[in-house]
Amino acid sequence: MTNIAIVNAHAHRDLQVKAKASPAFDAKHFVAVIVAEFPLLAVQCPILLSKDAETGAFVCGAVLGFAQNENLFLTQDGWQGYRPLTLQRGPFYTVGEDLAIDLDDARVGTDAGEPLFSPNGEMTPYLRGIINAMQELRPGLERTKRFIETLMNLKLIEPIDISLSFDDGSQHELANLYTIDREALRALPDAAVLDLFRRGYMQLIYLMIASLKHVPLMAERKNKQLTAGLASAPAWG
Amino acid sequence: MDRPIQHIVIVGGGTAGWLTAGVIAARHKARMASGFKVTLVESPNVAIIGVGEGTWPTMRTTLEKMGVSETEFFRHCDTAFKQGGKFVGWTTGAPDDAYYHPLMLPHGWSQVNLVPHWLQDARGRTFSAAVCPQEAICEEGLAPKTIATPEYRGLANYAYHLDAGKFASFMQKHCTQKLGVHHVLADVTQVKQDESGDITTLVTGQAGEITGDMFVDCTGFRALLIEKTLGVGFKDCRDVLFCDTALAVQVPHESDDAPMASQTIATAQSSGWIWDIALPTRRGLGYVYSSDHIDEEAARAELARYAGTQAEARKIPIRAGHREMFWKNNCVAVGLAAGFLEPLEASAIMLIELSAKIIADQLPARRSVMDIVARRFNEVTHYRWGRIIDFLKLHYVLTQRTDTAFWRDNVDPASIPERLQDLLRLWKYRAPWFLDEFDRLEEVFPAASYQYVLYGMGFRTEVDLADNGASATLASRIMEENAAMAQKMRANLPKNRDLVRKIRDHGMQSI
């Protein structure tokens, strides 16, 4: 159930939110992102496209793991690296122009979290950060949609199959993922290239292409985790 | 008389006219800059018959090649998915008598003939369920794909149910706006021919004279060019297929979210059968019957009983048969002008597509080579009509019903084409498979279709146990794979009704 309420200094004065990443909410292997996050993400994980299961519409997303609910960025020491805005936002929503919160969300309580307001009723830096994130997210989703539409119209999207085998014998295949069709990109007419460049899309396209290199790097990290136990085992085991 | 073929004139603006125009224009679009032209002349006063609300999977390729968005096609033509036919009451007429003719080939089709293995040990499964996942999908009301599947791609093979009237307008728009087809609204009052008999000019009431190099007769039952002008005769086949009348009616769904079948349901009646086709907005029903076996009053009563409504049904006379020749001089007939058969296997629109495809692909460059193409067109089209008639008759000859004269008369050997009789004799000892008897590249009904009907209707082929032993392991592995595939599809596919709604709301992606 959800119980959405507009955030208000009076009613929510004592409210606290568990803002740190946790397995209950952050254990996701694919998270939708907006184009403004591409530079931050491209240095740590693959940025790919996938289809929304409800509408079939394309979304841009960060690949954080190789199996359902696996997130290699979520460790015992918390989140390592950049955490996408849709996870940062936690239990917050936007209703019209207002910031709202789901009071029934398990992260919302009155202790052990980040307060929204200081004892004298002022917004805490945490809440300010959330407001900034939400202000970035909403128009960001629109901009991302337009970016994807442009890729579609120019036929620059192609499916990508990622299949990995690890040293413990496990195999993973990631389906429903798409990336930039580099051959189609090279074949674009000059006018289209210039247009992509002027709109800032060329940089996004190359960030997506470059980010693919994180697939083997992340796979290696996962492999190390999987074989960490084996390495200490006796050689004959 | 030698001249380049540059201007194709199509007469008639129904499904046949617009599909043919679209297929030819799309194929020859590049030549339009250098004078190639497609014109469709349509009478502003003639109503469209709108036969057939069912297509074949071929329609997916046909539309895709014409550059039609499948999403738009769903939104504008009341389109729904079709995954095959379900035949109810054809074998015994008992309450549980039904079988499927799905659109997917039996699993492992090219590797092993599963028929003898299924005959040896059916393990309680129908033939279609043992070899193909589609019966299970249809019985649960599931769609052949998900919202994430790209346009024209399917997880299960599929065709369409559509509103034929809306489809003609949709195609008209696409042809004129995207494919450069010229549209002339005018009544043809006179057809001029040269001394060789070639059609040269259409004189119209509203648009003056229209000259052309080649003419396509899509004027439906009127057959204005092929019959009235060129005098080509009609080959009746009522001695084989008895039905000569249809009563059509539309009924609403029980509610807006009532389950929507993705199979055409054909339910046997006393003297014919009733089609039941679900579109998102309504169900289309029709009783196809033989007026020699039942009078109209009684037929209306049977339809009303099935439909659960007294709504007035529209009467459509059916003349089963086809032209003695389809392409004569510089004129080719497509659609109802070429012929008509009862819509038992939705062959009408499919034949339009196949004909249009040959015309477009083999379009003669000059008049001097047209007769060569015409001969080949006539040969292959004759073959196709023959095979369709055989295949439709197959549904009747396997019946065990003796309750009415209609069913008894249908098994009279005198009404069964010789080729079909031979095949039935052959199949007593060997099940049809692969390219055995049907070896054309574009065979209208492959051997798989014959398998579905034969073994859906309880036909028995002698099983050679020793021969079966040689492929038993392979056959049981393939049938296990099929069962696993069916289970997976049942778990992952959405409800047919829900997916069609989602397509209308969100659209499908092109990749």
# chains A, B, ... in the order shown; residues from 1 in each chain; ligands from 1
call {"tool": "interface_residues", "arguments": {"of": "chain B", "to": "chain A", "cutoff": "10 Å", "atoms": "only C-alpha atoms", "output": "list in words"}}
result
Thr146, Ile147, Ala148, Thr149, Pro150, Leu499, Lys502, Ile503, Asp505, His506, Gly507, Met508, Gln509, Ser510 and Ile511 of chain B
call {"tool": "closest_atom_pairs", "arguments": {"of": "segment 162-204 of chain A", "to": "segment 32-47 of chain A", "cutoff": "12 Å", "atoms": "only C-alpha atoms", "output": "CSV"}}
result
residue,atom,partner,partner_atom,distance
A:Ile162,CA,A:Pro46,CA,11.4
A:Leu177,CA,A:Ile47,CA,10.0
A:Tyr178,CA,A:Ile47,CA,9.6
A:Thr179,CA,A:Ile47,CA,8.2
A:Ile180,CA,A:Ile47,CA,10.2
A:Gly200,CA,A:Val35,CA,10.2
A:Tyr201,CA,A:Val35,CA,9.2
A:Met202,CA,A:Val35,CA,11.8
A:Gln203,CA,A:Pro39,CA,9.2
A:Leu204,CA,A:Phe38,CA,6.8
call {"tool": "closest_residue", "arguments": {"among": "A:Lys28, A:Phe117, A:Arg128, A:Lys20", "to": "Trp79 of chain A", "atoms": "only C-alpha atoms"}}
result
A:Lys20
call {"tool": "residues_around", "arguments": {"residues": "segment 165-169 of chain A", "least_positions_apart": "5", "cutoff": "10 Å", "atoms": "only C-alpha atoms", "output": "compact mmCIF listing (two decimals) with C-alpha atoms, in the first residue's frame"}}
result
# COMPACT_ATOMS: atom_id res chain seq x y z
CA ALA A 219 32.25 -9.49 -14.89
CA GLU A 220 35.83 -9.76 -13.66
CA LYS A 222 32.03 -10.63 -9.96
CA ASN A 223 34.30 -13.50 -10.87
CA LYS A 224 36.72 -12.45 -8.13
CA LEU A 226 32.77 -15.87 -6.74
CA THR A 227 36.22 -17.40 -6.62
CA LEU A 230 37.89 -21.08 -3.88
call {"tool": "select_by_dssp", "arguments": {"residues": "segment 299-387 of chain B", "states": "strand (DSSP E or B)", "output": "number ranges by chain"}}
result
B: 314-317, 321-323, 327-328, 331-333, 339-340, 366
call {"tool": "write_last_selection", "arguments": {"atoms": "N, CA and C atoms", "output": "short mmCIF file (atom, residue, chain, number, x, y, z; two decimals), in the first residue's frame"}}
result
data_model
loop_
_atom_site.label_atom_id
_atom_site.label_comp_id
_atom_site.auth_asym_id
_atom_site.auth_seq_id
_atom_site.Cartn_x
_atom_site.Cartn_y
_atom_site.Cartn_z
N ARG B 314 -27.28 -10.25 -42.38
CA ARG B 314 -27.20 -9.84 -43.78
C ARG B 314 -26.94 -11.07 -44.64
N LYS B 315 -27.71 -11.19 -45.71
CA LYS B 315 -27.57 -12.37 -46.57
C LYS B 315 -26.61 -12.09 -47.71
N ILE B 316 -25.62 -12.96 -47.87
CA ILE B 316 -24.64 -12.80 -48.94
C ILE B 316 -24.61 -14.08 -49.77
N PRO B 317 -24.97 -13.99 -51.06
CA PRO B 317 -24.87 -15.19 -51.89
C PRO B 317 -23.40 -15.50 -52.17
N GLY B 321 -16.20 -20.99 -56.67
CA GLY B 321 -15.53 -21.27 -57.94
C GLY B 321 -14.56 -20.17 -58.31
N HIS B 322 -14.00 -20.28 -59.50
CA HIS B 322 -13.00 -19.30 -59.92
C HIS B 322 -13.00 -19.16 -61.43
N ARG B 323 -12.30 -18.16 -61.92
CA ARG B 323 -12.20 -17.91 -63.36
C ARG B 323 -11.53 -19.09 -64.07
N TRP B 327 -5.53 -14.22 -65.98
CA TRP B 327 -4.82 -13.15 -66.67
C TRP B 327 -5.05 -13.35 -68.16
N LYS B 328 -5.77 -12.43 -68.77
CA LYS B 328 -6.00 -12.51 -70.21
C LYS B 328 -5.64 -11.18 -70.84
N CYS B 331 -4.91 -7.85 -68.88
CA CYS B 331 -5.78 -7.68 -67.71
C CYS B 331 -5.68 -8.89 -66.79
N VAL B 332 -5.52 -8.63 -65.50
CA VAL B 332 -5.46 -9.72 -64.54
C VAL B 332 -6.51 -9.48 -63.45
N ALA B 333 -7.20 -10.56 -63.07
CA ALA B 333 -8.25 -10.44 -62.06
C ALA B 333 -7.71 -10.85 -60.69
N GLY B 339 -12.44 -15.10 -58.13
CA GLY B 339 -13.19 -16.24 -57.63
C GLY B 339 -13.45 -16.12 -56.14
N PHE B 340 -14.21 -17.05 -55.64
CA PHE B 340 -14.54 -17.02 -54.22
C PHE B 340 -14.79 -18.42 -53.70
N ARG B 366 7.75 -5.19 -70.87
CA ARG B 366 7.15 -4.73 -72.11
C ARG B 366 5.95 -5.63 -72.45
#
call {"tool": "residues_around", "arguments": {"residues": "Phe459 of chain B", "least_positions_apart": "5", "cutoff": "10 Å", "atoms": "only C-alpha atoms", "output": "NGL selection string"}}
result
:B and (91 or 119 or 398-399 or 424 or 427-428 or 431 or 451 or 453-454)
call {"tool": "atom_distance", "arguments": {"atom1": "atom CA of Arg375 of chain B", "atom2": "atom CA of Asn330 of chain B"}}
result
11.8 Å
call {"tool": "residues_around", "arguments": {"residues": "Ser255 of chain B", "least_positions_apart": "4", "cutoff": "12 Å", "atoms": "only C-alpha atoms", "output": "number ranges by chain"}}
result
B: 251, 259-260, 280-283, 497
call {"tool": "write_last_selection", "arguments": {"atoms": "C-alpha atoms", "output": "mmCIF file, in the first residue's frame"}}
result
data_model
loop_
_atom_site.group_PDB
_atom_site.id
_atom_site.type_symbol
_atom_site.label_atom_id
_atom_site.label_comp_id
_atom_site.auth_asym_id
_atom_site.auth_seq_id
_atom_site.Cartn_x
_atom_site.Cartn_y
_atom_site.Cartn_z
ATOM 1 C CA VAL B 251 -22.677 -9.137 -31.973
ATOM 2 C CA PRO B 259 -11.891 -12.577 -23.087
ATOM 3 C CA MET B 260 -11.152 -12.301 -26.810
ATOM 4 C CA PRO B 280 -11.650 -5.730 -30.045
ATOM 5 C CA THR B 281 -14.974 -3.987 -30.628
ATOM 6 C CA ARG B 282 -17.304 -6.859 -31.575
ATOM 7 C CA ARG B 283 -17.606 -10.426 -32.751
ATOM 8 C CA ARG B 497 -7.392 -8.763 -24.951
#
